[in-house]
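Remarks on the structure that follows.
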Amino acid sequence: MRIIFAGTTAFSERALSALLDAGHDVALVLTQPDRPAGRGLRPGESAVKRLARERGLEVCQPATLKDELTLARLRAARPEALVVAAYGLILPPAVLGLASRGAFNIHASLLPRWRGAAPIQRALLAGDRETGITIMKMDAGLDTGPTVAQRRIAIGDDDDAQALHDKLAALGAEMMVAALADIAAGRAQLVAQPAAGASYAHKIEKAEAQLNWTRPCTELERAVRALRPVPGAQSVLRRESVKLWRAHCVDAQGQPGTVLDAGPAGVSIACGSGALVVTELQRAGGKRLAAADFLHGCPISRGERFGTTR
């Protein structure tokens with residue numbers, strides 16, 4: 001099938017690679033403009049742009065999809081289908097209607113649950129036991145279109161945002177290839193999303209990375225996994241920001257935020273219920289370190305408090 005592909009992230013790159021390997025004619029690749037990245041803040045190419053250039057594909061990086069020059073370029077590609085995966089720009093109606101067979105999105109949740117920008121992190125934060133991929137025909141709403149296919153996977157107790165992302169990226173790529181085959185053969189069935197069970201996956205805000213020690217340990221442990229690798233769960237110790245990368249819960253009590261114990265096995269911090277044992281930490285400007293190595297350079301004593309700037 002002749003398609004336009006729209007995507008930006010590593011999640012999108014996996015899908016584009018699978019579509020190319022399946023023999024689809026990718027007439028044009030849409031991806032976000034290059035953004036400053038790294039310590040030097042030099043413009044960095046998206047994962048999708050790098051792959052597209054390696055495969056000799058035409059790339060378009062508009063800041064908006066509403067100007068007439070961009071629309072004319074998209075029309076000139078004469079797509080049968082538009083495939084979207086973690087692109088990052090809203091597609092206006094004029095773009096949604098360009099392809100003869102429609103526009104299709106790979107969404108990393110079991111719609112209608114977790115519509116929006118951060119479905120993987122929100123599923124982890126909420127303690128969901130399963131998630132999945134939905135292939136959806138796009139309409140003017142936010143992830144509200146009818147579904148073409150949906151598959152579930154379990155969320156493991158040790159899954160973090162990166163691990164879940166990688167599983168879903170592989171599944172989404174496989175499902176999109178299969179869905180296009182069904183669409184081309186006339187086998188695809190569109191199913192309206194149910195009204196019940198809809199929820200919105202808001203973008204992760206910077207303030208959410210700061211752990212609230214009055215919350216139960218189970219919630220904070222989920223936050224550590226949901227925020228790994230980006231932006232990383234954080235707290236404050238001695239007026240310095242510390243990132244908490246790996247942790248588990250134990251049955252212990254104390255004033256929330258208080259260090260109950262600190263040793264090679266981890267730093268135990270009291271929560272609203274239970275205690276979080278942090279086994280990998282990072283000081284501002286430093287490296288991620290196992291607890292034993294972290295404590296060697298930054299000793300922590302019982303009774304010290306996390307989460308306060310006083």
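Scheme for the structure tokens: letters A, B, ... for chains in order shown; per-chain residue numbers from 1; ligand numbers from 1 in order shown.
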
### Task
For stretch 87-93 of chain A, please output as a PyMOL selection string all residues within 9 Å (counting only C-alpha atoms; exclusion window: fewer than 5 positions along the same chain).
chain A and resi 6-9+12+30-32+63-66+98+117+139-140+142

### Query
Counting only C-alpha atoms, what is within 12 Å of A:Gly285, bar same-chain residues fewer than 6 positions away, as a PyMOL selection string?
chain A and resi 39+240-243

The selected residues should be written to file as a PDB file, in the first residue's frame (atoms: N, CA and C atoms).
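See result13.pdb below for the written result:
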ATOM      1  N   ARG A  39      24.102  18.055  25.963  1.00  0.00           N
ATOM      2  CA  ARG A  39      24.676  19.155  26.742  1.00  0.00           C
ATOM      3  C   ARG A  39      24.946  20.385  25.894  1.00  0.00           C
ATOM      4  N   GLU A 240      19.374  19.252  48.220  1.00  0.00           N
ATOM      5  CA  GLU A 240      19.895  18.810  46.926  1.00  0.00           C
ATOM      6  C   GLU A 240      18.950  17.781  46.315  1.00  0.00           C
ATOM      7  N   SER A 241      18.710  17.912  45.014  1.00  0.00           N
ATOM      8  CA  SER A 241      17.848  16.958  44.322  1.00  0.00           C
ATOM      9  C   SER A 241      18.566  15.623  44.154  1.00  0.00           C
ATOM     10  N   VAL A 242      17.851  14.545  44.451  1.00  0.00           N
ATOM     11  CA  VAL A 242      18.371  13.189  44.289  1.00  0.00           C
ATOM     12  C   VAL A 242      17.358  12.396  43.469  1.00  0.00           C
ATOM     13  N   LYS A 243      17.831  11.710  42.438  1.00  0.00           N
ATOM     14  CA  LYS A 243      16.946  10.842  41.662  1.00  0.00           C
ATOM     15  C   LYS A 243      16.996   9.428  42.229  1.00  0.00           C
TER      16      LYS A 243
END

### Task
Enumerate as a PyMOL selection string all residues of stretch 40-284 of chain A assigned to helix (DSSP H, G or I) by DSSP on the backbone, naming them with the chain letters and numbers the document uses.
chain A and resi 47-54+68-76+93-96+119-126+161-185+206-209+217-226

### Task
Identify, on the basis of only C-alpha atoms, every residue whose closest approach to A:Ile133 does not exceed 9 Å; exclude the query and any residue fewer than 4 positions from it along the same chain; express the result as a PyMOL selection string.
chain A and resi 106-111+149-153+168-169+171-172+175

Please save all heavy atoms of the selected residues as a tab-separated table (two decimals), in the first residue's frame.
chain	number	residue	atom	x	y	z
A	106	ILE	N	-1.39	3.97	15.79
A	106	ILE	CA	-0.96	2.92	16.70
A	106	ILE	C	-0.93	3.54	18.09
A	106	ILE	O	-0.08	4.39	18.37
A	106	ILE	CB	0.43	2.39	16.34
A	106	ILE	CG1	0.50	1.96	14.88
A	106	ILE	CG2	0.83	1.24	17.25
A	106	ILE	CD1	1.92	1.63	14.41
A	107	HIS	N	-1.84	3.13	18.95
A	107	HIS	CA	-1.93	3.74	20.29
A	107	HIS	C	-1.58	2.72	21.36
A	107	HIS	O	-2.07	1.58	21.35
A	107	HIS	CB	-3.33	4.29	20.53
A	107	HIS	CG	-3.43	5.11	21.79
A	107	HIS	ND1	-2.95	6.40	21.87
A	107	HIS	CD2	-3.91	4.81	23.02
A	107	HIS	CE1	-3.14	6.87	23.09
A	107	HIS	NE2	-3.73	5.92	23.81
A	108	ALA	N	-0.74	3.14	22.33
A	108	ALA	CA	-0.20	2.21	23.33
A	108	ALA	C	-1.08	2.10	24.56
A	108	ALA	O	-0.65	2.33	25.70
A	108	ALA	CB	1.21	2.65	23.72
A	109	SER	N	-2.35	1.75	24.34
A	109	SER	CA	-3.25	1.44	25.46
A	109	SER	C	-4.44	0.67	24.91
A	109	SER	O	-4.60	0.53	23.69
A	109	SER	CB	-3.73	2.71	26.17
A	109	SER	OG	-4.82	3.30	25.49
A	110	LEU	N	-5.26	0.20	25.82
A	110	LEU	CA	-6.50	-0.48	25.45
A	110	LEU	C	-7.62	0.55	25.43
A	110	LEU	O	-8.34	0.72	26.41
A	110	LEU	CB	-6.80	-1.62	26.45
A	110	LEU	CG	-5.73	-2.71	26.53
A	110	LEU	CD1	-6.02	-3.67	27.69
A	110	LEU	CD2	-5.65	-3.48	25.22
A	111	LEU	N	-7.74	1.27	24.34
A	111	LEU	CA	-8.75	2.31	24.24
A	111	LEU	C	-10.14	1.74	24.50
A	111	LEU	O	-10.42	0.59	24.15
A	111	LEU	CB	-8.69	2.94	22.83
A	111	LEU	CG	-7.45	3.77	22.54
A	111	LEU	CD1	-7.42	4.20	21.08
A	111	LEU	CD2	-7.36	4.99	23.44
A	149	ALA	N	-8.13	-3.07	15.46
A	149	ALA	CA	-7.58	-4.24	16.14
A	149	ALA	C	-7.13	-3.83	17.53
A	149	ALA	O	-6.80	-2.67	17.78
A	149	ALA	CB	-6.41	-4.82	15.35
A	150	GLN	N	-7.12	-4.81	18.44
A	150	GLN	CA	-6.68	-4.56	19.81
A	150	GLN	C	-6.14	-5.85	20.40
A	150	GLN	O	-6.74	-6.91	20.25
A	150	GLN	CB	-7.84	-4.03	20.65
A	150	GLN	CG	-7.45	-3.47	22.01
A	150	GLN	CD	-8.62	-2.77	22.70
A	150	GLN	OE1	-9.47	-3.42	23.29
A	150	GLN	NE2	-8.65	-1.43	22.62
A	151	ARG	N	-4.96	-5.73	21.05
A	151	ARG	CA	-4.38	-6.90	21.72
A	151	ARG	C	-3.87	-6.50	23.09
A	151	ARG	O	-3.34	-5.40	23.28
A	151	ARG	CB	-3.25	-7.50	20.89
A	151	ARG	CG	-3.78	-8.40	19.77
A	151	ARG	CD	-2.69	-8.88	18.85
A	151	ARG	NE	-1.64	-9.63	19.52
A	151	ARG	CZ	-0.57	-10.10	18.89
A	151	ARG	NH1	-0.41	-9.88	17.60
A	151	ARG	NH2	0.35	-10.78	19.55
A	152	ARG	N	-4.00	-7.41	24.05
A	152	ARG	CA	-3.64	-7.16	25.45
A	152	ARG	C	-2.31	-7.82	25.80
A	152	ARG	O	-1.98	-8.88	25.27
A	152	ARG	CB	-4.72	-7.71	26.39
A	152	ARG	CG	-6.08	-7.11	26.15
A	152	ARG	CD	-7.18	-7.84	26.91
A	152	ARG	NE	-8.47	-7.23	26.65
A	152	ARG	CZ	-9.00	-6.28	27.40
A	152	ARG	NH1	-8.38	-5.87	28.50
A	152	ARG	NH2	-10.17	-5.74	27.08
A	153	ILE	N	-1.57	-7.17	26.71
A	153	ILE	CA	-0.41	-7.82	27.32
A	153	ILE	C	-0.45	-7.53	28.82
A	153	ILE	O	-0.99	-6.50	29.26
A	153	ILE	CB	0.93	-7.34	26.73
A	153	ILE	CG1	1.16	-5.86	27.02
A	153	ILE	CG2	1.01	-7.62	25.25
A	153	ILE	CD1	2.58	-5.40	26.72
A	168	LEU	N	5.49	-2.83	23.77
A	168	LEU	CA	4.37	-2.29	23.01
A	168	LEU	C	4.79	-1.80	21.64
A	168	LEU	O	4.03	-1.89	20.68
A	168	LEU	CB	3.70	-1.16	23.81
A	168	LEU	CG	2.98	-1.61	25.08
A	168	LEU	CD1	2.53	-0.41	25.89
A	168	LEU	CD2	1.79	-2.51	24.75
A	169	ALA	N	6.01	-1.29	21.52
A	169	ALA	CA	6.51	-0.86	20.20
A	169	ALA	C	6.58	-2.05	19.25
A	169	ALA	O	6.19	-1.95	18.08
A	169	ALA	CB	7.87	-0.19	20.35
A	171	LEU	N	4.90	-4.90	19.51
A	171	LEU	CA	3.54	-5.38	19.26
A	171	LEU	C	2.82	-4.45	18.29
A	171	LEU	O	2.13	-4.90	17.36
A	171	LEU	CB	2.78	-5.48	20.57
A	171	LEU	CG	1.32	-5.94	20.49
A	171	LEU	CD1	1.23	-7.34	19.88
A	171	LEU	CD2	0.67	-5.89	21.87
A	172	GLY	N	2.96	-3.13	18.50
A	172	GLY	CA	2.29	-2.17	17.62
A	172	GLY	C	2.74	-2.27	16.18
A	172	GLY	O	1.93	-2.18	15.25
A	175	MET	N	1.18	-5.40	14.69
A	175	MET	CA	-0.25	-5.25	14.48
A	175	MET	C	-0.58	-4.30	13.34
A	175	MET	O	-1.56	-4.50	12.62
A	175	MET	CB	-0.91	-4.78	15.78
A	175	MET	CG	-0.96	-5.83	16.88
A	175	MET	SD	-1.69	-5.19	18.41
A	175	MET	CE	-3.36	-4.76	17.86

### Task
Could you give me, as a PyMOL selection string, the residues within 12 Å of A:Arg73, counting only C-alpha atoms and dropping anything in the same chain fewer than 2 positions from it?
chain A and resi 4+27-30+58-62+65-71+75-79+95+98

### Query
If you count only C-alpha atoms, which residues fall within 10 Å of A:Ala118, apart from same-chain ones fewer than 3 positions away, as a list of chain:residue names?
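Counting only the stated atoms, we get A:Ala108, A:Ser109, A:Trp114, A:Arg115, A:Gln121, A:Arg122, A:Ala123, A:Tyr200, A:Ala201, A:His202, A:Lys203, A:Ile204.
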
Selection file, all heavy atoms, as a compact mmCIF listing (two decimals), in the first residue's frame:
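Saved file again-v4.txt follows:
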# COMPACT_ATOMS: atom_id res chain seq x y z
N ALA A 108 -0.74 3.14 22.33
CA ALA A 108 -0.20 2.21 23.33
C ALA A 108 -1.08 2.10 24.56
O ALA A 108 -0.65 2.33 25.70
CB ALA A 108 1.21 2.65 23.72
N SER A 109 -2.35 1.75 24.34
CA SER A 109 -3.25 1.44 25.46
C SER A 109 -4.44 0.67 24.91
O SER A 109 -4.60 0.53 23.69
CB SER A 109 -3.73 2.71 26.17
OG SER A 109 -4.82 3.30 25.49
N TRP A 114 -6.98 5.43 28.77
CA TRP A 114 -5.72 6.15 28.56
C TRP A 114 -5.59 6.72 27.15
O TRP A 114 -4.62 6.47 26.45
CB TRP A 114 -4.52 5.30 28.92
CG TRP A 114 -4.51 4.83 30.34
CD1 TRP A 114 -4.31 3.56 30.79
CD2 TRP A 114 -4.72 5.63 31.52
NE1 TRP A 114 -4.38 3.51 32.16
CE2 TRP A 114 -4.63 4.77 32.64
CE3 TRP A 114 -4.98 6.98 31.74
CZ2 TRP A 114 -4.80 5.22 33.95
CZ3 TRP A 114 -5.15 7.42 33.04
CH2 TRP A 114 -5.05 6.56 34.12
N ARG A 115 -6.58 7.49 26.75
CA ARG A 115 -6.43 8.34 25.57
C ARG A 115 -5.42 9.44 25.92
O ARG A 115 -5.36 9.91 27.05
CB ARG A 115 -7.76 8.98 25.19
CG ARG A 115 -8.81 7.98 24.71
CD ARG A 115 -10.18 8.63 24.62
NE ARG A 115 -11.17 7.74 24.02
CZ ARG A 115 -12.48 7.92 24.12
NH1 ARG A 115 -12.96 8.95 24.80
NH2 ARG A 115 -13.30 7.07 23.54
N GLN A 121 3.02 5.52 30.90
CA GLN A 121 3.30 5.98 32.26
C GLN A 121 2.05 5.97 33.13
O GLN A 121 2.11 5.59 34.31
CB GLN A 121 3.90 7.38 32.23
CG GLN A 121 5.29 7.45 31.62
CD GLN A 121 5.26 7.68 30.11
OE1 GLN A 121 4.24 7.41 29.43
NE2 GLN A 121 6.36 8.18 29.57
N ARG A 122 0.92 6.38 32.56
CA ARG A 122 -0.31 6.43 33.35
C ARG A 122 -0.79 5.04 33.75
O ARG A 122 -1.31 4.85 34.86
CB ARG A 122 -1.41 7.17 32.58
CG ARG A 122 -1.12 8.65 32.35
CD ARG A 122 -0.98 9.41 33.64
NE ARG A 122 -0.51 10.78 33.42
CZ ARG A 122 -0.10 11.59 34.38
NH1 ARG A 122 -0.06 11.18 35.63
NH2 ARG A 122 0.31 12.82 34.09
N ALA A 123 -0.62 4.07 32.87
CA ALA A 123 -1.00 2.70 33.22
C ALA A 123 -0.16 2.19 34.39
O ALA A 123 -0.67 1.55 35.31
CB ALA A 123 -0.84 1.79 32.01
N TYR A 200 -8.18 9.73 30.46
CA TYR A 200 -7.23 10.56 29.72
C TYR A 200 -5.84 10.48 30.34
O TYR A 200 -5.68 10.65 31.55
CB TYR A 200 -7.71 12.01 29.70
CG TYR A 200 -6.80 12.91 28.89
CD1 TYR A 200 -6.64 12.72 27.52
CD2 TYR A 200 -6.09 13.94 29.50
CE1 TYR A 200 -5.79 13.53 26.78
CE2 TYR A 200 -5.24 14.76 28.76
CZ TYR A 200 -5.10 14.54 27.40
OH TYR A 200 -4.27 15.33 26.67
N ALA A 201 -4.84 10.22 29.50
CA ALA A 201 -3.45 10.08 29.95
C ALA A 201 -2.72 11.41 29.76
O ALA A 201 -2.07 11.65 28.74
CB ALA A 201 -2.74 8.98 29.17
N HIS A 202 -2.85 12.30 30.74
CA HIS A 202 -2.18 13.59 30.66
C HIS A 202 -0.67 13.41 30.54
O HIS A 202 -0.08 12.47 31.08
CB HIS A 202 -2.48 14.42 31.92
CG HIS A 202 -3.89 14.84 32.05
ND1 HIS A 202 -4.39 15.99 31.48
CD2 HIS A 202 -4.95 14.25 32.68
CE1 HIS A 202 -5.67 16.10 31.76
NE2 HIS A 202 -6.04 15.07 32.49
N LYS A 203 -0.04 14.34 29.85
CA LYS A 203 1.41 14.39 29.78
C LYS A 203 1.99 14.45 31.19
O LYS A 203 1.43 15.10 32.06
CB LYS A 203 1.84 15.61 28.97
CG LYS A 203 3.34 15.77 28.80
CD LYS A 203 3.65 17.02 28.00
CE LYS A 203 5.15 17.23 27.88
NZ LYS A 203 5.48 18.47 27.11
N ILE A 204 3.12 13.76 31.42
CA ILE A 204 3.77 13.79 32.72
C ILE A 204 4.36 15.18 32.95
O ILE A 204 5.18 15.66 32.17
CB ILE A 204 4.88 12.73 32.82
CG1 ILE A 204 4.29 11.32 32.64
CG2 ILE A 204 5.61 12.84 34.15
CD1 ILE A 204 3.34 10.88 33.72

Show me, as an mmCIF file with C-alpha atoms, in the first residue's frame, the residues that have an atom within 8 Å of A:Glu304 when counting only C-alpha atoms, minus same-chain residues fewer than 3 positions from it.
data_model
loop_
_atom_site.group_PDB
_atom_site.id
_atom_site.type_symbol
_atom_site.label_atom_id
_atom_site.label_comp_id
_atom_site.auth_asym_id
_atom_site.auth_seq_id
_atom_site.Cartn_x
_atom_site.Cartn_y
_atom_site.Cartn_z
ATOM 1 C CA THR A 258 12.427 9.790 57.280
ATOM 2 C CA VAL A 259 15.423 7.508 56.642
ATOM 3 C CA ILE A 300 23.152 9.095 54.837
ATOM 4 C CA SER A 301 22.205 8.700 58.489
#

### Query
Separation of atom CA of A:Trp245 and atom CA of A:Ala86, in Å?
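Atom CA of A:Ala86 lies at a distance of 25.2 Å from atom CA of A:Trp245.
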
### Task
Could you tell me which of A:Ala161, A:Leu276, A:Leu16, A:Cys217 comes closest to A:Val230 if we count only C-alpha atoms?
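Among the listed residues, the smallest separation from A:Val230 belongs to A:Ala161.
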
### Query
Got a sec to tell me which of stretch 71-302 of chain A DSSP assigns to strand (DSSP E), as a PyMOL selection string?
chain A and resi 81-85+103-107+115-116+130-137+147-154+200-201+233-237+240-250+259-263+266-270+275-283+289-290

### Query
Using only C-alpha atoms, which residue out of A:Asp251, A:Asp293, A:Glu45, A:Asp261 lies closest to A:Ser273?
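Using only C-alpha atoms, the shortest distance to A:Ser273 belongs to A:Asp251.
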
### Message
So, with only C-alpha atoms as the atoms that count, which of A:Ser46, A:Ser100, A:Gln234, A:Gln210 lies closest to A:Arg2?
### Response
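The closest residue to A:Arg2 is A:Ser100.
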
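The gap separating atom CA of A:Pro216 from atom CA of A:Gln253 is 10.8 Å, in Å to one decimal.
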
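Among the candidates A:Ala247, A:Leu19, A:Ala226, A:Ile269, the one nearest to A:Ala163 when counting only C-alpha atoms is A:Ala226.
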